[in-house]
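For reference, the structure is listed below as structure tokens.
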Amino acid sequence: MSETHTNEPHTNDTYGNDSHDGRYDVVVVGGGAAGLSAALVLGRARLRTLVVDAGEPRNAPSSHMQGYLSRDGMPPAEFLALGREEIARYGVELVRDRVADVARDGDFTVVLDAGGTVRARRLIVATGLEDELPEVPGVAERFGRDVLHCPFCHGWEVRDEPFGVLASSAMSVHQALMVSQWSKDVTLFLHRVAEEELSDQDLRRLAAAGVGVVPGEVAGLVVEDDRLTGVRLADGSAHARSVVFVAPRPVPRTGLLERLGAALEETPLGAYPVVDRTGLTSVPGVWAAGNAIGFAEQVVHAASGGYRAASAIVGDLLMSDLDAAVAG
């Protein structure tokens, strides 16, 4: 593998036309925390690696990310830019594109939207997921600002503010209880959830946490001077709140894994690939990492998962080559 040392990632479309004819040891699909972490490990292990990134990170709406030791508070875009610079130092190539199709015939044939085709001995799928937001006016526009979904990501920054929690199911009781760790002024808006759907234990816990419960459908958010100030119900009443937590419906991007025949497991938060502790799927040679394997993978978890998958692939390819050499 040629070692290219540069401060900028390869983002041209010359894959398939260079000295290795579009053949890579590993193609990483997705250039978020999981994909870039994997690429860094692979590049340092001297494996010819290509990252295909559509530039659609899940945390793009957020102005900062939290809970990542030494990177707490860093803007997500800055974090990814630094990651792309780091992988370029080790000759890893990156192309701004998306994978249109993938097939296996010994190795993997990866077809890109732009029309190129590359070959890979191993794949890492780090395509993440999409957050499908409740269809309430104002929610999508303010998501990542004062409409939030994860208190571990943003709770400290909005601590002690008046919180609202927009229920999407009876499971939203758990979210309301959790956010009460960051504020003692919490109101659960049942929206389209009937009071009868809440169990006696739910009601006792809500009361113990001091969480108010407001029935009735939410018609929209109240915004003044580009700042959330309340929640408006369909009956016209308004409740003063400066932060609203929602529970998006996660939509895992599993299309490539399904094309390859990977086994998926249904969970209350979507269908995700069955993987071992390194991220290996049921398809030999295919690993998955980050939100591609679960809803709750934070940036720090995704980076760790990418590292584990990449280190497993390094050993897998090495042993495969050694066994082939022994077999003569």
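Going by the structure tokens order, chains are called A, B, ..., each with residues numbered from 1, while ligands are numbered from 1 in the order shown.
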Q) Hey, what's within 12 Å of A:Pro284 if we count only C-alpha atoms and toss same-chain stuff fewer than 2 positions away? As JSON, numbers by chain, please? A) {"A": [104, 106, 107, 108, 121, 122, 123, 124, 257, 260, 261, 262, 263, 275, 276, 279, 280, 281, 282, 286, 287, 288, 313, 316, 317]}
Take the residues from that selection and write them out as a PDB file, in the first residue's frame, keeping C-alpha atoms.
```
ATOM      1  CA  ARG A 104     -20.647 -10.766  -3.151  1.00  0.00           C
ATOM      2  CA  GLY A 106     -15.865 -14.084  -3.522  1.00  0.00           C
ATOM      3  CA  ASP A 107     -14.941 -10.501  -2.691  1.00  0.00           C
ATOM      4  CA  PHE A 108     -17.473  -7.656  -2.581  1.00  0.00           C
ATOM      5  CA  ARG A 121     -12.183  -8.038   0.540  1.00  0.00           C
ATOM      6  CA  ARG A 122     -14.111  -6.922   3.624  1.00  0.00           C
ATOM      7  CA  LEU A 123     -16.898  -4.430   4.381  1.00  0.00           C
ATOM      8  CA  ILE A 124     -17.804  -2.281   7.352  1.00  0.00           C
ATOM      9  CA  LEU A 257     -27.126  -5.415   4.910  1.00  0.00           C
ATOM     10  CA  LEU A 260     -26.302  -9.165   1.466  1.00  0.00           C
ATOM     11  CA  GLY A 261     -28.687 -11.395   3.410  1.00  0.00           C
ATOM     12  CA  ALA A 262     -27.649 -10.321   6.911  1.00  0.00           C
ATOM     13  CA  ALA A 263     -29.862 -11.554   9.717  1.00  0.00           C
ATOM     14  CA  VAL A 275     -23.680  -9.060  15.403  1.00  0.00           C
ATOM     15  CA  ASP A 276     -21.032 -10.589  17.621  1.00  0.00           C
ATOM     16  CA  GLY A 279     -19.620  -6.206  15.068  1.00  0.00           C
ATOM     17  CA  LEU A 280     -19.390  -9.188  12.701  1.00  0.00           C
ATOM     18  CA  THR A 281     -22.766  -9.804  11.075  1.00  0.00           C
ATOM     19  CA  SER A 282     -24.170 -13.149   9.959  1.00  0.00           C
ATOM     20  CA  VAL A 286     -19.240  -7.972   6.743  1.00  0.00           C
ATOM     21  CA  TRP A 287     -19.058  -5.963   9.955  1.00  0.00           C
ATOM     22  CA  ALA A 288     -21.407  -3.262  11.225  1.00  0.00           C
ATOM     23  CA  ILE A 313     -10.736  -7.281  10.315  1.00  0.00           C
ATOM     24  CA  ASP A 316      -9.102 -11.782   9.949  1.00  0.00           C
ATOM     25  CA  LEU A 317      -7.339 -10.694   6.760  1.00  0.00           C
TER      26      LEU A 317
END
```
Check which residues of stretch 211-254 of chain A sit at most 12 Å from stretch 151-155 of chain A using only C-alpha atoms, and return one row each with the closest pair of atoms and their distance in Å to one decimal, ordered by chain and rising number, as a tab-separated table.
```
residue	atom	partner	partner_atom	distance
A:Val243	CA	A:Gly155	CA	10.1
A:Val244	CA	A:Pro151	CA	10.9
A:Phe245	CA	A:Pro151	CA	8.4
A:Val246	CA	A:Pro151	CA	10.6
A:Ala247	CA	A:Pro151	CA	11.4
```
Export, as a compact mmCIF listing (two decimals), in the first residue's frame, the selected residues with N, CA and C atoms.
```txt
# COMPACT_ATOMS: atom_id res chain seq x y z
N VAL A 243 -37.95 24.05 26.96
CA VAL A 243 -37.30 22.89 26.35
C VAL A 243 -38.34 21.79 26.19
N VAL A 244 -38.32 21.13 25.05
CA VAL A 244 -39.23 20.00 24.85
C VAL A 244 -38.41 18.79 24.41
N PHE A 245 -38.63 17.68 25.10
CA PHE A 245 -37.99 16.42 24.71
C PHE A 245 -38.99 15.58 23.92
N VAL A 246 -38.51 14.98 22.85
CA VAL A 246 -39.33 14.12 22.02
C VAL A 246 -38.63 12.77 21.87
N ALA A 247 -39.38 11.80 21.38
CA ALA A 247 -38.82 10.47 21.13
C ALA A 247 -38.96 10.17 19.64
```
Q.
I'd like the contact shell of A:Leu206 - 8 Å cut-off, only C-alpha atoms, skipping same-chain residues fewer than 3 positions apart - returned as a PyMOL selection string.
A. chain A and resi 173+176-177+202-203+209-212
So that I have them on file, write out the residues from the current selection with all heavy atoms, as a PDB file, in the first residue's frame.
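Listing of selection-v2.pdb after writing:
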```pdb
ATOM      1  N   VAL A 173     -43.269   7.763  29.237  1.00  0.00           N
ATOM      2  CA  VAL A 173     -43.186   7.941  30.688  1.00  0.00           C
ATOM      3  C   VAL A 173     -41.738   7.785  31.139  1.00  0.00           C
ATOM      4  O   VAL A 173     -41.243   8.550  31.980  1.00  0.00           O
ATOM      5  CB  VAL A 173     -44.097   6.931  31.414  1.00  0.00           C
ATOM      6  CG1 VAL A 173     -43.812   6.923  32.917  1.00  0.00           C
ATOM      7  CG2 VAL A 173     -45.561   7.261  31.160  1.00  0.00           C
ATOM      8  N   ALA A 176     -39.806  10.915  30.442  1.00  0.00           N
ATOM      9  CA  ALA A 176     -40.156  11.978  31.378  1.00  0.00           C
ATOM     10  C   ALA A 176     -39.483  11.760  32.728  1.00  0.00           C
ATOM     11  O   ALA A 176     -39.007  12.713  33.363  1.00  0.00           O
ATOM     12  CB  ALA A 176     -41.667  12.052  31.540  1.00  0.00           C
ATOM     13  N   LEU A 177     -39.439  10.527  33.176  1.00  0.00           N
ATOM     14  CA  LEU A 177     -38.775  10.224  34.449  1.00  0.00           C
ATOM     15  C   LEU A 177     -37.273  10.460  34.351  1.00  0.00           C
ATOM     16  O   LEU A 177     -36.659  11.007  35.272  1.00  0.00           O
ATOM     17  CB  LEU A 177     -39.061   8.779  34.857  1.00  0.00           C
ATOM     18  CG  LEU A 177     -40.527   8.460  35.178  1.00  0.00           C
ATOM     19  CD1 LEU A 177     -40.714   6.965  35.389  1.00  0.00           C
ATOM     20  CD2 LEU A 177     -41.002   9.247  36.408  1.00  0.00           C
ATOM     21  N   ASP A 202     -46.637   3.597  36.548  1.00  0.00           N
ATOM     22  CA  ASP A 202     -46.245   4.807  35.830  1.00  0.00           C
ATOM     23  C   ASP A 202     -46.701   6.044  36.592  1.00  0.00           C
ATOM     24  O   ASP A 202     -45.922   6.984  36.818  1.00  0.00           O
ATOM     25  CB  ASP A 202     -46.874   4.833  34.430  1.00  0.00           C
ATOM     26  CG  ASP A 202     -46.252   3.837  33.473  1.00  0.00           C
ATOM     27  OD1 ASP A 202     -45.100   3.430  33.693  1.00  0.00           O
ATOM     28  OD2 ASP A 202     -46.936   3.483  32.490  1.00  0.00           O
ATOM     29  N   LEU A 203     -47.964   6.055  36.982  1.00  0.00           N
ATOM     30  CA  LEU A 203     -48.532   7.224  37.649  1.00  0.00           C
ATOM     31  C   LEU A 203     -47.871   7.472  38.997  1.00  0.00           C
ATOM     32  O   LEU A 203     -47.610   8.627  39.375  1.00  0.00           O
ATOM     33  CB  LEU A 203     -50.048   7.041  37.814  1.00  0.00           C
ATOM     34  CG  LEU A 203     -50.841   6.985  36.497  1.00  0.00           C
ATOM     35  CD1 LEU A 203     -52.296   6.623  36.764  1.00  0.00           C
ATOM     36  CD2 LEU A 203     -50.758   8.323  35.759  1.00  0.00           C
ATOM     37  N   ALA A 209     -41.686  11.685  41.150  1.00  0.00           N
ATOM     38  CA  ALA A 209     -40.680  12.535  40.503  1.00  0.00           C
ATOM     39  C   ALA A 209     -41.151  13.978  40.356  1.00  0.00           C
ATOM     40  O   ALA A 209     -40.368  14.844  39.931  1.00  0.00           O
ATOM     41  CB  ALA A 209     -40.334  11.972  39.127  1.00  0.00           C
ATOM     42  N   GLY A 210     -42.414  14.230  40.692  1.00  0.00           N
ATOM     43  CA  GLY A 210     -42.939  15.580  40.559  1.00  0.00           C
ATOM     44  C   GLY A 210     -43.242  15.970  39.130  1.00  0.00           C
ATOM     45  O   GLY A 210     -43.298  17.167  38.803  1.00  0.00           O
ATOM     46  N   VAL A 211     -43.460  14.985  38.257  1.00  0.00           N
ATOM     47  CA  VAL A 211     -43.744  15.251  36.843  1.00  0.00           C
ATOM     48  C   VAL A 211     -45.241  15.474  36.662  1.00  0.00           C
ATOM     49  O   VAL A 211     -46.056  14.618  37.022  1.00  0.00           O
ATOM     50  CB  VAL A 211     -43.276  14.077  35.956  1.00  0.00           C
ATOM     51  CG1 VAL A 211     -43.681  14.316  34.497  1.00  0.00           C
ATOM     52  CG2 VAL A 211     -41.776  13.895  36.063  1.00  0.00           C
ATOM     53  N   GLY A 212     -45.590  16.615  36.111  1.00  0.00           N
ATOM     54  CA  GLY A 212     -46.979  16.884  35.821  1.00  0.00           C
ATOM     55  C   GLY A 212     -47.435  16.168  34.558  1.00  0.00           C
ATOM     56  O   GLY A 212     -46.632  15.923  33.652  1.00  0.00           O
TER      57      GLY A 212
END
```
Q | Residue nearest A:Val136 - candidates A:Leu148, A:His191, A:Val283, A:Ser180, atoms counted: only C-alpha atoms | A |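 Nearest candidate to A:Val136 out of A:Leu148, A:His191, A:Val283, A:Ser180: A:His191.
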Q.
With distances taken over only C-alpha atoms, which residue among A:Leu233, A:Pro137, A:Ala54, A:Arg48 lies nearest A:Leu112?
A. A:Ala54
Q: Considering only C-alpha atoms, state which residue in the set A:Val51, A:Leu69, A:Leu269, A:Leu80 is at the smallest distance from A:His301.
A: A:Leu69
Q | Best match for closeness to A:Ala34 among A:Met319, A:Val125, A:Leu133, A:Val147, counting only C-alpha atoms | A |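 Closest to A:Ala34, using only C-alpha atoms: A:Val125.
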Q: Please give the complete set of residues from stretch 121-194 of chain A that DSSP, run on the backbone, assigns to alpha helix (DSSP H), formatted as a ChimeraX atom specification.
A: /A:139-142,151-154,172-179
Export of prior selection with all heavy atoms as a short mmCIF file (atom, residue, chain, number, x, y, z; two decimals), in the first residue's frame:
```cif
data_model
loop_
_atom_site.label_atom_id
_atom_site.label_comp_id
_atom_site.auth_asym_id
_atom_site.auth_seq_id
_atom_site.Cartn_x
_atom_site.Cartn_y
_atom_site.Cartn_z
N VAL A 139 -41.58 21.16 15.67
CA VAL A 139 -40.63 20.17 16.22
C VAL A 139 -39.42 20.01 15.31
O VAL A 139 -38.26 20.09 15.75
CB VAL A 139 -41.34 18.82 16.45
CG1 VAL A 139 -40.31 17.70 16.68
CG2 VAL A 139 -42.27 18.91 17.65
N ALA A 140 -39.64 19.77 14.03
CA ALA A 140 -38.52 19.54 13.12
C ALA A 140 -37.64 20.78 13.00
O ALA A 140 -36.40 20.68 12.95
CB ALA A 140 -39.04 19.13 11.74
N GLU A 141 -38.27 21.96 12.98
CA GLU A 141 -37.51 23.20 12.81
C GLU A 141 -36.58 23.49 13.99
O GLU A 141 -35.53 24.10 13.81
CB GLU A 141 -38.47 24.38 12.63
CG GLU A 141 -39.26 24.36 11.33
CD GLU A 141 -40.46 23.43 11.37
OE1 GLU A 141 -40.72 22.80 12.43
OE2 GLU A 141 -41.16 23.33 10.35
N ARG A 142 -36.96 23.02 15.18
CA ARG A 142 -36.17 23.36 16.36
C ARG A 142 -35.41 22.16 16.92
O ARG A 142 -34.78 22.26 17.98
CB ARG A 142 -37.07 23.98 17.45
CG ARG A 142 -37.88 25.18 16.92
CD ARG A 142 -38.31 26.09 18.03
NE ARG A 142 -37.17 26.72 18.68
CZ ARG A 142 -36.54 27.80 18.21
NH1 ARG A 142 -36.93 28.36 17.07
NH2 ARG A 142 -35.54 28.32 18.87
N PRO A 151 -31.20 13.34 27.06
CA PRO A 151 -30.69 14.16 28.16
C PRO A 151 -29.20 13.96 28.42
O PRO A 151 -28.54 14.87 28.91
CB PRO A 151 -31.53 13.69 29.36
CG PRO A 151 -31.96 12.30 29.00
CD PRO A 151 -32.14 12.31 27.52
N PHE A 152 -28.66 12.80 28.07
CA PHE A 152 -27.23 12.59 28.25
C PHE A 152 -26.43 13.47 27.27
O PHE A 152 -25.31 13.88 27.57
CB PHE A 152 -26.87 11.12 28.05
CG PHE A 152 -27.41 10.23 29.12
CD1 PHE A 152 -28.55 9.47 28.91
CD2 PHE A 152 -26.79 10.16 30.36
CE1 PHE A 152 -29.07 8.66 29.90
CE2 PHE A 152 -27.30 9.35 31.37
CZ PHE A 152 -28.44 8.60 31.14
N CYS A 153 -27.03 13.75 26.13
CA CYS A 153 -26.37 14.60 25.13
C CYS A 153 -26.50 16.07 25.48
O CYS A 153 -25.57 16.85 25.26
CB CYS A 153 -26.97 14.36 23.75
SG CYS A 153 -26.88 12.67 23.14
N HIS A 154 -27.67 16.49 25.98
CA HIS A 154 -27.95 17.92 26.11
C HIS A 154 -28.50 18.34 27.47
O HIS A 154 -28.76 19.52 27.69
CB HIS A 154 -28.96 18.34 25.04
CG HIS A 154 -28.51 18.03 23.64
ND1 HIS A 154 -27.50 18.71 23.01
CD2 HIS A 154 -28.94 17.09 22.75
CE1 HIS A 154 -27.32 18.22 21.79
NE2 HIS A 154 -28.18 17.24 21.61
N SER A 172 -43.07 6.86 26.69
CA SER A 172 -42.56 8.20 26.94
C SER A 172 -42.54 8.54 28.42
O SER A 172 -41.88 9.50 28.84
CB SER A 172 -43.40 9.23 26.19
OG SER A 172 -43.26 9.06 24.79
N VAL A 173 -43.27 7.76 29.24
CA VAL A 173 -43.19 7.94 30.69
C VAL A 173 -41.74 7.78 31.14
O VAL A 173 -41.24 8.55 31.98
CB VAL A 173 -44.10 6.93 31.41
CG1 VAL A 173 -43.81 6.92 32.92
CG2 VAL A 173 -45.56 7.26 31.16
N HIS A 174 -41.05 6.81 30.58
CA HIS A 174 -39.65 6.58 30.95
C HIS A 174 -38.81 7.80 30.63
O HIS A 174 -37.95 8.22 31.43
CB HIS A 174 -39.11 5.35 30.22
CG HIS A 174 -37.66 5.07 30.49
ND1 HIS A 174 -37.22 4.55 31.68
CD2 HIS A 174 -36.55 5.28 29.72
CE1 HIS A 174 -35.90 4.43 31.64
NE2 HIS A 174 -35.46 4.86 30.47
N GLN A 175 -39.03 8.40 29.47
CA GLN A 175 -38.27 9.59 29.09
C GLN A 175 -38.54 10.73 30.06
O GLN A 175 -37.62 11.45 30.48
CB GLN A 175 -38.62 10.01 27.66
CG GLN A 175 -37.75 11.14 27.13
CD GLN A 175 -38.07 11.50 25.69
OE1 GLN A 175 -39.22 11.44 25.28
NE2 GLN A 175 -37.06 11.85 24.92
N ALA A 176 -39.81 10.92 30.44
CA ALA A 176 -40.16 11.98 31.38
C ALA A 176 -39.48 11.76 32.73
O ALA A 176 -39.01 12.71 33.36
CB ALA A 176 -41.67 12.05 31.54
N LEU A 177 -39.44 10.53 33.18
CA LEU A 177 -38.78 10.22 34.45
C LEU A 177 -37.27 10.46 34.35
O LEU A 177 -36.66 11.01 35.27
CB LEU A 177 -39.06 8.78 34.86
CG LEU A 177 -40.53 8.46 35.18
CD1 LEU A 177 -40.71 6.96 35.39
CD2 LEU A 177 -41.00 9.25 36.41
N MET A 178 -36.67 10.07 33.24
CA MET A 178 -35.23 10.25 33.07
C MET A 178 -34.83 11.72 33.07
O MET A 178 -33.86 12.12 33.72
CB MET A 178 -34.76 9.58 31.79
CG MET A 178 -34.72 8.07 31.84
SD MET A 178 -33.56 7.42 33.07
CE MET A 178 -32.00 8.03 32.41
N VAL A 179 -35.57 12.56 32.34
CA VAL A 179 -35.16 13.96 32.24
C VAL A 179 -35.36 14.70 33.56
O VAL A 179 -34.78 15.78 33.77
CB VAL A 179 -35.88 14.69 31.09
CG1 VAL A 179 -35.62 14.01 29.76
CG2 VAL A 179 -37.38 14.84 31.36
#
```
Q) Of the candidates A:Val299, A:Asp185, A:Tyr272, A:Glu135, which one gets nearest to A:Arg159 if we count only C-alpha atoms? A)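 For A:Arg159, the nearest of the candidates is A:Asp185.
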Q. Can you list, as JSON, numbers by chain, every protein, DNA or RNA residue that comes within 8 Å of stretch 57-67 of chain A when you count only C-alpha atoms, leaving out same-chain residues fewer than 5 positions away?
A. {"A": [32, 72, 73, 74, 75, 76, 77, 128, 129, 130, 131, 143, 144, 145, 152, 153, 154, 300]}
Q. Residues at most 9 Å from A:Gly55, counting only C-alpha atoms, excluding those fewer than 2 positions away in the same chain, as a list in words?
A.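 Near A:Gly55, the qualifying residues are Gly30, Gly31, Gly32, Asp53, Pro57, Arg96, Asp97 and Arg98 of chain A.
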For the selection just defined, write its residues with N, CA, C and O atoms to a file, as a tab-separated table (two decimals), in the first residue's frame.
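File produced: part22.tsv:
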```tsv
chain	number	residue	atom	x	y	z
A	30	GLY	N	-19.95	4.76	5.17
A	30	GLY	CA	-20.37	5.69	6.21
A	30	GLY	C	-19.15	6.33	6.85
A	30	GLY	O	-18.26	5.64	7.33
A	31	GLY	N	-19.14	7.67	6.86
A	31	GLY	CA	-18.00	8.40	7.38
A	31	GLY	C	-18.30	9.18	8.63
A	31	GLY	O	-17.78	10.28	8.83
A	32	GLY	N	-19.13	8.63	9.52
A	32	GLY	CA	-19.36	9.23	10.83
A	32	GLY	C	-18.30	8.75	11.81
A	32	GLY	O	-17.22	8.28	11.43
A	53	ASP	N	-18.75	8.16	1.94
A	53	ASP	CA	-19.53	8.94	2.89
A	53	ASP	C	-20.48	9.87	2.16
A	53	ASP	O	-20.06	10.68	1.33
A	57	PRO	N	-24.55	12.85	8.71
A	57	PRO	CA	-24.45	12.33	10.08
A	57	PRO	C	-25.73	12.55	10.87
A	57	PRO	O	-26.42	13.57	10.69
A	96	ARG	N	-16.92	11.36	-1.50
A	96	ARG	CA	-18.27	11.84	-1.18
A	96	ARG	C	-19.26	11.20	-2.13
A	96	ARG	O	-19.41	11.62	-3.28
A	97	ASP	N	-19.91	10.17	-1.67
A	97	ASP	CA	-20.83	9.43	-2.52
A	97	ASP	C	-21.65	8.54	-1.60
A	97	ASP	O	-21.45	8.53	-0.38
A	98	ARG	N	-22.54	7.78	-2.17
A	98	ARG	CA	-23.27	6.78	-1.41
A	98	ARG	C	-23.22	5.48	-2.18
A	98	ARG	O	-23.03	5.47	-3.40
```
